[in-house]
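Contents: one structure, followed by commentary.
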Amino acid sequence: MAEDIKEKIARLFPEAEYQEGDIAQITVADKDWHRLAMTLKDDSDMDFDFLVTIVGMDWKDAFGCVYYLTSTSTNRHISVKVLAPDREKPMIHSVADLWAIATIFEREVYDFFGIVFIGNPDMRRLFLSIDWKGFPFRKDYDMNPEINPVPLESERQSDFTDVYTEDSEGNVTRREERVFQPDDFVVNIGPQHPATHGVLRFRTAVDGETIKKIDVYMGYIHRGVEKICEGLTYPQTLHFMDRLDYFSAHPYHHCLCMTIEQAAGIEISRRAQVIRVLMDELSRIASHCLFIGTYCMDLGATTMLFYTLRVREQILDIMERTCGARMTFNYDCIGGVMQDLDKDFVKDVKALLEVLPANIKEYNKIFTGNVIAKNRMEGIGVLSKEDAIQWAVSGPSGRASGWACDVRKTDPYSIYSELEFDEIIRHEGDSMARFKVRMDEMEQSARIISQLIDNIPEGEYCVKVPKVLKLPAGHWFRTVEGCRGTFGIYIESDGATSPYRLKIAPPCLPLAAVVDHITRGNKIADLITIGGSLDYIVPDMDR
Amino acid sequence: MEVTTKSMPYEAWKDNEYIEKLVNELRESGANVIVGSLDKLINWGRSNSLWPLTFATSCCGIEFVSLGAARYDMARFGWEVARASPRQADFIMVAGTIVHRMAPVLRRLYDQLAEPKYVIACGSCAISGGPFRKSYHVALGIEDIVPVDVYVPGCPPRPEAMIYGIMQLSRKIKVEKFFGGVNRQEKQKEFLESHPVPGVED
């Protein structure tokens, strides 16, 4: 951490503790937390305006949270550890008033750990039903399926949410508040709706055709990956990365592998790094292809799906020949990659690079310039840069709002610092901009691939790693640029063969959370346009 | 009576014993010559125009999209009319993990399908919970929620496997009694009686 920040915090918060590291960590008691958060965000020297994630923790003797913050102006990182020592009634002050996305992040922590956030305007469960017994991520949670059986009856719904407030003497009281007003007309969209891209549900309050408020309901595909990982060894945890955002399987694998390799001190070969980056960029093209296809289909241009899937199938063929699968590759492993490249890999990729520009041109010709498409997308769902940062909307959607948030540029990992490519940034912030950013990113990905494809170095594709992998005690946090935004992995180890806590910070959770903010005042038909342009993947946000 | 498929020899199918068992059941129960012929005609039509419900929770759903695109082209078999409303669909392809919160929704979707209706459990999650078996929030297979006709293993199954699975469903439909006591409906009735949903009368 920079000395100036360290000194300033030491002066203002003498009780705070420091821990230097990759990302410096401040440990602070809950009573100082909100004041510290305000300083971190508003002080002109610090300006930590991007809340990357909140990691809920159960340290057995205390609950707590680790906040990861980034400054978008200076690109510095910091983390803050806040403890909630009371195991019976764990409480932490909310920072939802400082970072809008904290509303959802804190709900997630509450859902998993039962930590109540004082001052959060919406303290409901996020993924689990209101009748769920217990908090699953607590270490003393009883996994017995008889306590929480699979229900066949429709879930009990509530129109009320809890709000916890603190008076001047420090007494916390709970009160109920309405999610919707009694005279609101609420339309239910999802979870089985073709335009929600998976099983997401919107409770939409409308005034005529205009959207007043959206209550996003998640958890229809919450599989508890993080909890399962706590019982598995490190190599076993890898394959779940394929099944979160199944389009970003390679980047996500890359992230978890890098985190584990960093923790275990494993250096991987140059060849493996090049292969990983090649695969990341190929999957980015495939992912954006599918986005364009399904998005156009949502808007009524079904034909586009067939055109874009043509390229996607070509990429899947390349991947299949090397990785042995079409979707769940499980290719990156600790120490490198699972197997060497296929003998035809270079030839196939070159064939792809040859046809790609013509295809992108064709997509633009068919769809981008189309007057109907323009009318439906331009000026619809505008997200300003400030709001994008407030809501942590990263990835192509954030870059369409003018926020330079590409992790490949801001914190280059692997070999990205040596590569030449542009970060695509647009400033309109509307659905059309989000669409065009992805279009242009495909070209940039192709550019990266063409730089590497002739220069794949010789060498081993996987270095030797110990059969039983133990990480030293400690914690690590790494981010990569997934196809949809900043993807982070937090690992806390107590020195055993399996993680004490493995937290996945998905890019799609903020993308879904921002839907309410971005659609207000728009027409209900535009919900499809806006939701589609954000391109969230539901299994990724639900995990 | 023999179940035939155009341009696919009978021996190429994997589980003919199952279909033969159904054929024998049909034979034993006996059918009127006119009703039997009508059955055959109607089943020919039904088995060649199966309409799926667009229902996908996770990865398998993307392979289902590939199935609809030009390369695998399910329109060849008459399955391309994917319906967004369960009222218009013939079968539901459960593509993806079913978790606690989704289970009642799936059951309701199934209840909303019009008769005759079928279910395909697609992918290891829908069959048994798959890689997420140890989770606190995943149903261990959908067979406790809805009656399943065909299982398609894989994680996710390749589009070819899905084609094979739906073709098996077509074969099953061909040996059904459409008029009078539908042999399959008996099993469905049994299932629904043993898995009642409170407040819903089947």
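How things are named: the first chain in the structure tokens is A, the next is B, and so on; residues count from 1 in each chain; ligands count from 1 in the order shown.
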
Closest pair table for chain A residues within 6 Å of chain B, only C-alpha atoms, as JSON lines:
```
{"residue": "A:Val150", "atom": "CA", "partner": "B:His100", "partner_atom": "CA", "distance": 5.1}
{"residue": "A:Leu152", "atom": "CA", "partner": "B:Pro104", "partner_atom": "CA", "distance": 4.6}
{"residue": "A:Glu153", "atom": "CA", "partner": "B:Pro104", "partner_atom": "CA", "distance": 5.6}
{"residue": "A:Ser154", "atom": "CA", "partner": "B:Pro104", "partner_atom": "CA", "distance": 5.4}
{"residue": "A:Gly198", "atom": "CA", "partner": "B:Thr57", "partner_atom": "CA", "distance": 5.4}
{"residue": "A:Val199", "atom": "CA", "partner": "B:Thr57", "partner_atom": "CA", "distance": 5.7}
{"residue": "A:Tyr220", "atom": "CA", "partner": "B:Met102", "partner_atom": "CA", "distance": 5.1}
{"residue": "A:Ile221", "atom": "CA", "partner": "B:Val99", "partner_atom": "CA", "distance": 5.9}
{"residue": "A:Arg223", "atom": "CA", "partner": "B:His137", "partner_atom": "CA", "distance": 5.7}
{"residue": "A:Gly224", "atom": "CA", "partner": "B:Ser135", "partner_atom": "CA", "distance": 5.9}
{"residue": "A:Ile228", "atom": "CA", "partner": "B:Ser135", "partner_atom": "CA", "distance": 5.9}
{"residue": "A:Phe306", "atom": "CA", "partner": "B:Ala69", "partner_atom": "CA", "distance": 5.5}
```

Write down as a PyMOL selection string the residues belonging to region 61-99 of chain A that are assigned strand (DSSP E or B) by DSSP computed on the backbone.
chain A and resi 63-70+77-84+91-93

DSSP on the backbone, alpha helix (DSSP H) only: what residues of chain B does that give? Format it as a ChimeraX atom specification.
/B:16-29,33-47,59-68,103-112,124-128,159-174,183-194

Save out the residues we just selected, C-alpha atoms, as a PDB file, in the first residue's frame.
```pdb
ATOM      1  CA  ASN B  16     -34.630 -52.503 -28.248  1.00  0.00           C
ATOM      2  CA  GLU B  17     -35.618 -54.758 -25.333  1.00  0.00           C
ATOM      3  CA  TYR B  18     -37.436 -51.873 -23.730  1.00  0.00           C
ATOM      4  CA  ILE B  19     -39.419 -51.078 -26.863  1.00  0.00           C
ATOM      5  CA  GLU B  20     -40.143 -54.789 -27.360  1.00  0.00           C
ATOM      6  CA  LYS B  21     -41.490 -54.946 -23.842  1.00  0.00           C
ATOM      7  CA  LEU B  22     -43.855 -52.100 -24.663  1.00  0.00           C
ATOM      8  CA  VAL B  23     -44.888 -53.853 -27.890  1.00  0.00           C
ATOM      9  CA  ASN B  24     -45.640 -57.024 -25.961  1.00  0.00           C
ATOM     10  CA  GLU B  25     -47.688 -55.087 -23.437  1.00  0.00           C
ATOM     11  CA  LEU B  26     -49.688 -53.671 -26.318  1.00  0.00           C
ATOM     12  CA  ARG B  27     -50.185 -57.100 -27.841  1.00  0.00           C
ATOM     13  CA  GLU B  28     -51.306 -58.639 -24.575  1.00  0.00           C
ATOM     14  CA  SER B  29     -53.861 -55.959 -23.865  1.00  0.00           C
ATOM     15  CA  VAL B  33     -58.388 -53.507 -35.702  1.00  0.00           C
ATOM     16  CA  ILE B  34     -59.865 -50.095 -36.497  1.00  0.00           C
ATOM     17  CA  VAL B  35     -58.746 -48.380 -33.300  1.00  0.00           C
ATOM     18  CA  GLY B  36     -55.334 -49.985 -33.676  1.00  0.00           C
ATOM     19  CA  SER B  37     -54.913 -48.617 -37.189  1.00  0.00           C
ATOM     20  CA  LEU B  38     -56.072 -45.184 -36.100  1.00  0.00           C
ATOM     21  CA  ASP B  39     -53.606 -45.331 -33.222  1.00  0.00           C
ATOM     22  CA  LYS B  40     -50.843 -46.083 -35.649  1.00  0.00           C
ATOM     23  CA  LEU B  41     -51.751 -43.175 -37.878  1.00  0.00           C
ATOM     24  CA  ILE B  42     -52.054 -40.694 -35.044  1.00  0.00           C
ATOM     25  CA  ASN B  43     -48.855 -41.882 -33.392  1.00  0.00           C
ATOM     26  CA  TRP B  44     -47.033 -41.518 -36.692  1.00  0.00           C
ATOM     27  CA  GLY B  45     -48.062 -37.891 -36.748  1.00  0.00           C
ATOM     28  CA  ARG B  46     -47.339 -37.277 -33.075  1.00  0.00           C
ATOM     29  CA  SER B  47     -43.937 -38.905 -33.108  1.00  0.00           C
ATOM     30  CA  CYS B  59     -25.141 -25.503 -19.590  1.00  0.00           C
ATOM     31  CA  CYS B  60     -27.263 -28.182 -21.279  1.00  0.00           C
ATOM     32  CA  GLY B  61     -29.554 -25.436 -22.504  1.00  0.00           C
ATOM     33  CA  ILE B  62     -26.768 -24.024 -24.657  1.00  0.00           C
ATOM     34  CA  GLU B  63     -26.279 -27.369 -26.342  1.00  0.00           C
ATOM     35  CA  PHE B  64     -30.006 -27.347 -26.944  1.00  0.00           C
ATOM     36  CA  VAL B  65     -29.557 -23.996 -28.718  1.00  0.00           C
ATOM     37  CA  SER B  66     -26.851 -25.602 -30.877  1.00  0.00           C
ATOM     38  CA  LEU B  67     -29.323 -28.356 -31.621  1.00  0.00           C
ATOM     39  CA  GLY B  68     -31.703 -25.767 -33.009  1.00  0.00           C
ATOM     40  CA  ALA B 103     -38.400 -27.760  -8.128  1.00  0.00           C
ATOM     41  CA  PRO B 104     -41.952 -26.435  -7.546  1.00  0.00           C
ATOM     42  CA  VAL B 105     -41.662 -24.386 -10.731  1.00  0.00           C
ATOM     43  CA  LEU B 106     -40.705 -27.451 -12.748  1.00  0.00           C
ATOM     44  CA  ARG B 107     -43.591 -29.376 -11.256  1.00  0.00           C
ATOM     45  CA  ARG B 108     -45.978 -26.595 -12.133  1.00  0.00           C
ATOM     46  CA  LEU B 109     -44.663 -26.432 -15.693  1.00  0.00           C
ATOM     47  CA  TYR B 110     -45.203 -30.147 -15.974  1.00  0.00           C
ATOM     48  CA  ASP B 111     -48.722 -29.844 -14.633  1.00  0.00           C
ATOM     49  CA  GLN B 112     -49.412 -27.119 -17.183  1.00  0.00           C
ATOM     50  CA  SER B 124     -26.245 -35.711 -15.346  1.00  0.00           C
ATOM     51  CA  CYS B 125     -27.654 -32.927 -13.139  1.00  0.00           C
ATOM     52  CA  ALA B 126     -31.225 -33.681 -14.129  1.00  0.00           C
ATOM     53  CA  ILE B 127     -30.588 -37.413 -13.809  1.00  0.00           C
ATOM     54  CA  SER B 128     -28.887 -37.531 -10.423  1.00  0.00           C
ATOM     55  CA  PRO B 159     -26.214 -32.510 -29.494  1.00  0.00           C
ATOM     56  CA  GLU B 160     -25.978 -35.936 -31.157  1.00  0.00           C
ATOM     57  CA  ALA B 161     -26.867 -37.536 -27.826  1.00  0.00           C
ATOM     58  CA  MET B 162     -29.827 -35.214 -27.492  1.00  0.00           C
ATOM     59  CA  ILE B 163     -31.008 -36.157 -30.975  1.00  0.00           C
ATOM     60  CA  TYR B 164     -30.726 -39.826 -30.022  1.00  0.00           C
ATOM     61  CA  GLY B 165     -32.665 -39.167 -26.806  1.00  0.00           C
ATOM     62  CA  ILE B 166     -35.542 -37.394 -28.523  1.00  0.00           C
ATOM     63  CA  MET B 167     -35.622 -40.085 -31.221  1.00  0.00           C
ATOM     64  CA  GLN B 168     -36.005 -42.679 -28.488  1.00  0.00           C
ATOM     65  CA  LEU B 169     -38.964 -40.673 -27.242  1.00  0.00           C
ATOM     66  CA  SER B 170     -40.474 -40.767 -30.740  1.00  0.00           C
ATOM     67  CA  ARG B 171     -40.090 -44.533 -30.748  1.00  0.00           C
ATOM     68  CA  LYS B 172     -41.828 -44.752 -27.425  1.00  0.00           C
ATOM     69  CA  ILE B 173     -44.726 -42.715 -28.724  1.00  0.00           C
ATOM     70  CA  LYS B 174     -45.124 -45.067 -31.672  1.00  0.00           C
ATOM     71  CA  ASN B 183     -50.612 -47.702 -21.337  1.00  0.00           C
ATOM     72  CA  ARG B 184     -48.232 -44.920 -20.371  1.00  0.00           C
ATOM     73  CA  GLN B 185     -50.849 -42.884 -18.570  1.00  0.00           C
ATOM     74  CA  GLU B 186     -51.313 -45.620 -15.980  1.00  0.00           C
ATOM     75  CA  LYS B 187     -47.725 -45.137 -14.839  1.00  0.00           C
ATOM     76  CA  GLN B 188     -48.116 -41.399 -14.846  1.00  0.00           C
ATOM     77  CA  LYS B 189     -51.219 -41.699 -12.688  1.00  0.00           C
ATOM     78  CA  GLU B 190     -49.338 -43.886 -10.243  1.00  0.00           C
ATOM     79  CA  PHE B 191     -46.561 -41.342 -10.057  1.00  0.00           C
ATOM     80  CA  LEU B 192     -48.831 -38.394  -9.475  1.00  0.00           C
ATOM     81  CA  GLU B 193     -50.687 -40.271  -6.744  1.00  0.00           C
ATOM     82  CA  SER B 194     -47.453 -41.039  -4.938  1.00  0.00           C
TER      83      SER B 194
END
```

Just want the 9 Å neighbourhood of Cys323 (chain A), counted on only C-alpha atoms, with same-chain residues fewer than 3 positions away dropped. Output as a short mmCIF file (atom, residue, chain, number, x, y, z; two decimals) with C-alpha atoms, in the first residue's frame.
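And here is the file that came out, part_15.cif:
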```cif
data_model
loop_
_atom_site.label_atom_id
_atom_site.label_comp_id
_atom_site.auth_asym_id
_atom_site.auth_seq_id
_atom_site.Cartn_x
_atom_site.Cartn_y
_atom_site.Cartn_z
CA ILE A 318 -11.06 -26.35 -32.50
CA MET A 319 -11.58 -26.65 -28.76
CA GLU A 320 -12.96 -30.14 -29.04
CA ARG A 326 -17.58 -28.97 -26.65
CA PHE A 329 -13.52 -28.42 -21.14
CA ASN A 330 -11.73 -28.68 -17.79
CA TYR A 331 -8.60 -27.83 -19.74
CA MET A 338 -4.29 -30.83 -19.28
CA GLN A 339 -2.86 -31.93 -22.59
CA ASP A 340 -0.88 -30.57 -25.47
CA LEU A 341 -2.40 -28.77 -28.42
CA ASP A 342 -3.86 -30.81 -31.22
#
```

Close residues, region 429-446 of chain A itself excluded, 8 Å, only C-alpha atoms, min 2 positions apart in chain, as a PyMOL selection string:
chain A and resi 281-282+284-285+288+292+353+357+360+374+377-385+396-397+399-402+421-427+448-450+529-530+533-534

Nearby residues (only C-alpha atoms) at most 10 Å from Met91 (chain A), same-chain spacing under 3 positions excluded, as a PyMOL selection string
chain A and resi 30+63-64+83-88+94+110+114-118+164+172

What does the structure give for the distance between CA of Val80 (chain A) and CA of Ala24 (chain A), in Å to one decimal?
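Result for CA of Val80 (chain A) versus CA of Ala24 (chain A): 8.4 Å, one decimal.
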
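From CA of Gly474 (chain A) back to CA of Arg35 (chain A), the distance works out to 27.2 Å.
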
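The spacing separating CA of Leu232 (chain A) from CA of Glu20 (chain A) amounts to 29.3 Å.
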
Just the residues within 9 Å of Pro506 (chain A), please, counting only C-alpha atoms, with nothing from its chain fewer than 2 positions along; format it as a PDB file with N, CA and C atoms, in the first residue's frame.
```pdb
ATOM      1  N   THR A  53     -15.881  -6.947  -4.430  1.00  0.00           N
ATOM      2  CA  THR A  53     -16.703  -8.006  -3.852  1.00  0.00           C
ATOM      3  C   THR A  53     -16.691  -7.894  -2.334  1.00  0.00           C
ATOM      4  N   LEU A 244     -20.027 -22.463 -14.212  1.00  0.00           N
ATOM      5  CA  LEU A 244     -20.579 -21.187 -13.742  1.00  0.00           C
ATOM      6  C   LEU A 244     -21.068 -20.422 -14.957  1.00  0.00           C
ATOM      7  N   ASP A 245     -20.156 -19.658 -15.534  1.00  0.00           N
ATOM      8  CA  ASP A 245     -20.465 -19.033 -16.814  1.00  0.00           C
ATOM      9  C   ASP A 245     -19.862 -19.953 -17.862  1.00  0.00           C
ATOM     10  N   GLY A 485     -17.030  -9.770 -17.730  1.00  0.00           N
ATOM     11  CA  GLY A 485     -16.565  -8.778 -16.786  1.00  0.00           C
ATOM     12  C   GLY A 485     -15.535  -9.313 -15.824  1.00  0.00           C
ATOM     13  N   THR A 486     -15.304  -8.530 -14.777  1.00  0.00           N
ATOM     14  CA  THR A 486     -14.260  -8.869 -13.812  1.00  0.00           C
ATOM     15  C   THR A 486     -14.674 -10.076 -12.986  1.00  0.00           C
ATOM     16  N   PHE A 487     -13.881 -11.110 -13.101  1.00  0.00           N
ATOM     17  CA  PHE A 487     -14.166 -12.324 -12.354  1.00  0.00           C
ATOM     18  C   PHE A 487     -13.076 -12.497 -11.310  1.00  0.00           C
ATOM     19  N   GLY A 488     -13.479 -12.718 -10.071  1.00  0.00           N
ATOM     20  CA  GLY A 488     -12.489 -12.821  -9.001  1.00  0.00           C
ATOM     21  C   GLY A 488     -12.602 -14.128  -8.244  1.00  0.00           C
ATOM     22  N   ILE A 489     -11.462 -14.580  -7.741  1.00  0.00           N
ATOM     23  CA  ILE A 489     -11.447 -15.771  -6.892  1.00  0.00           C
ATOM     24  C   ILE A 489     -10.743 -15.400  -5.592  1.00  0.00           C
ATOM     25  N   ILE A 504     -16.252 -17.066  -4.988  1.00  0.00           N
ATOM     26  CA  ILE A 504     -16.273 -16.724  -6.405  1.00  0.00           C
ATOM     27  C   ILE A 504     -16.964 -15.374  -6.530  1.00  0.00           C
ATOM     28  N   CYS A 508     -21.638 -11.462 -13.251  1.00  0.00           N
ATOM     29  CA  CYS A 508     -23.045 -11.374 -13.653  1.00  0.00           C
ATOM     30  C   CYS A 508     -23.979 -10.940 -12.528  1.00  0.00           C
ATOM     31  N   LEU A 509     -23.545 -11.102 -11.283  1.00  0.00           N
ATOM     32  CA  LEU A 509     -24.410 -10.671 -10.184  1.00  0.00           C
ATOM     33  C   LEU A 509     -24.674  -9.161 -10.241  1.00  0.00           C
ATOM     34  N   PRO A 510     -23.627  -8.320 -10.389  1.00  0.00           N
ATOM     35  CA  PRO A 510     -23.902  -6.885 -10.567  1.00  0.00           C
ATOM     36  C   PRO A 510     -24.727  -6.590 -11.820  1.00  0.00           C
ATOM     37  N   ASP A 540     -24.029 -18.211 -13.435  1.00  0.00           N
ATOM     38  CA  ASP A 540     -22.858 -17.498 -12.944  1.00  0.00           C
ATOM     39  C   ASP A 540     -23.222 -16.636 -11.742  1.00  0.00           C
ATOM     40  N   MET A 541     -24.345 -15.929 -11.812  1.00  0.00           N
ATOM     41  CA  MET A 541     -24.702 -15.073 -10.676  1.00  0.00           C
ATOM     42  C   MET A 541     -25.178 -15.896  -9.485  1.00  0.00           C
ATOM     43  N   ASP A 542     -25.815 -17.016  -9.746  1.00  0.00           N
ATOM     44  CA  ASP A 542     -26.346 -17.828  -8.649  1.00  0.00           C
ATOM     45  C   ASP A 542     -25.290 -18.750  -8.048  1.00  0.00           C
ATOM     46  N   ARG A 543     -24.372 -19.172  -8.858  1.00  0.00           N
ATOM     47  CA  ARG A 543     -23.312 -20.104  -8.463  1.00  0.00           C
ATOM     48  C   ARG A 543     -23.873 -21.397  -7.907  1.00  0.00           C
TER      49      ARG A 543
END
```

Using only C-alpha atoms, which residues sit within 10 Å of Leu256 (chain A) once same-chain residues fewer than 4 positions away are excluded, as a PyMOL selection string?
chain A and resi 234-235+237-238+241+251-252+260-262+332-334+477-480+487-491+502+504

Convert the current residue selection to file output with C-alpha atoms, as a PDB file, in the first residue's frame.
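out17.pdb written:
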```
ATOM      1  CA  TYR A 234      -7.778 -28.002  -4.955  1.00  0.00           C
ATOM      2  CA  PRO A 235      -7.564 -29.915  -8.262  1.00  0.00           C
ATOM      3  CA  THR A 237     -12.505 -27.632  -7.359  1.00  0.00           C
ATOM      4  CA  LEU A 238     -11.384 -26.672 -10.868  1.00  0.00           C
ATOM      5  CA  MET A 241     -15.412 -23.156 -13.143  1.00  0.00           C
ATOM      6  CA  PRO A 251     -10.894 -17.528 -18.373  1.00  0.00           C
ATOM      7  CA  TYR A 252     -12.503 -18.760 -15.150  1.00  0.00           C
ATOM      8  CA  ILE A 260      -3.684 -21.601  -6.647  1.00  0.00           C
ATOM      9  CA  GLU A 261      -0.364 -21.381  -8.497  1.00  0.00           C
ATOM     10  CA  GLN A 262       0.388 -18.059  -6.871  1.00  0.00           C
ATOM     11  CA  ASP A 332      -6.492 -25.535 -17.564  1.00  0.00           C
ATOM     12  CA  CYS A 333      -5.029 -27.400 -14.631  1.00  0.00           C
ATOM     13  CA  ILE A 334      -2.700 -26.483 -11.819  1.00  0.00           C
ATOM     14  CA  PHE A 477      -7.537 -12.751  -4.325  1.00  0.00           C
ATOM     15  CA  ARG A 478      -7.072 -12.675  -8.073  1.00  0.00           C
ATOM     16  CA  THR A 479      -9.156 -11.239 -10.868  1.00  0.00           C
ATOM     17  CA  VAL A 480      -9.257 -11.919 -14.571  1.00  0.00           C
ATOM     18  CA  PHE A 487     -14.166 -12.324 -12.354  1.00  0.00           C
ATOM     19  CA  GLY A 488     -12.489 -12.821  -9.001  1.00  0.00           C
ATOM     20  CA  ILE A 489     -11.447 -15.771  -6.892  1.00  0.00           C
ATOM     21  CA  TYR A 490     -10.759 -15.502  -3.184  1.00  0.00           C
ATOM     22  CA  ILE A 491      -9.105 -18.437  -1.468  1.00  0.00           C
ATOM     23  CA  LEU A 502     -13.337 -20.345  -1.738  1.00  0.00           C
ATOM     24  CA  ILE A 504     -16.273 -16.724  -6.405  1.00  0.00           C
TER      25      ILE A 504
END
```
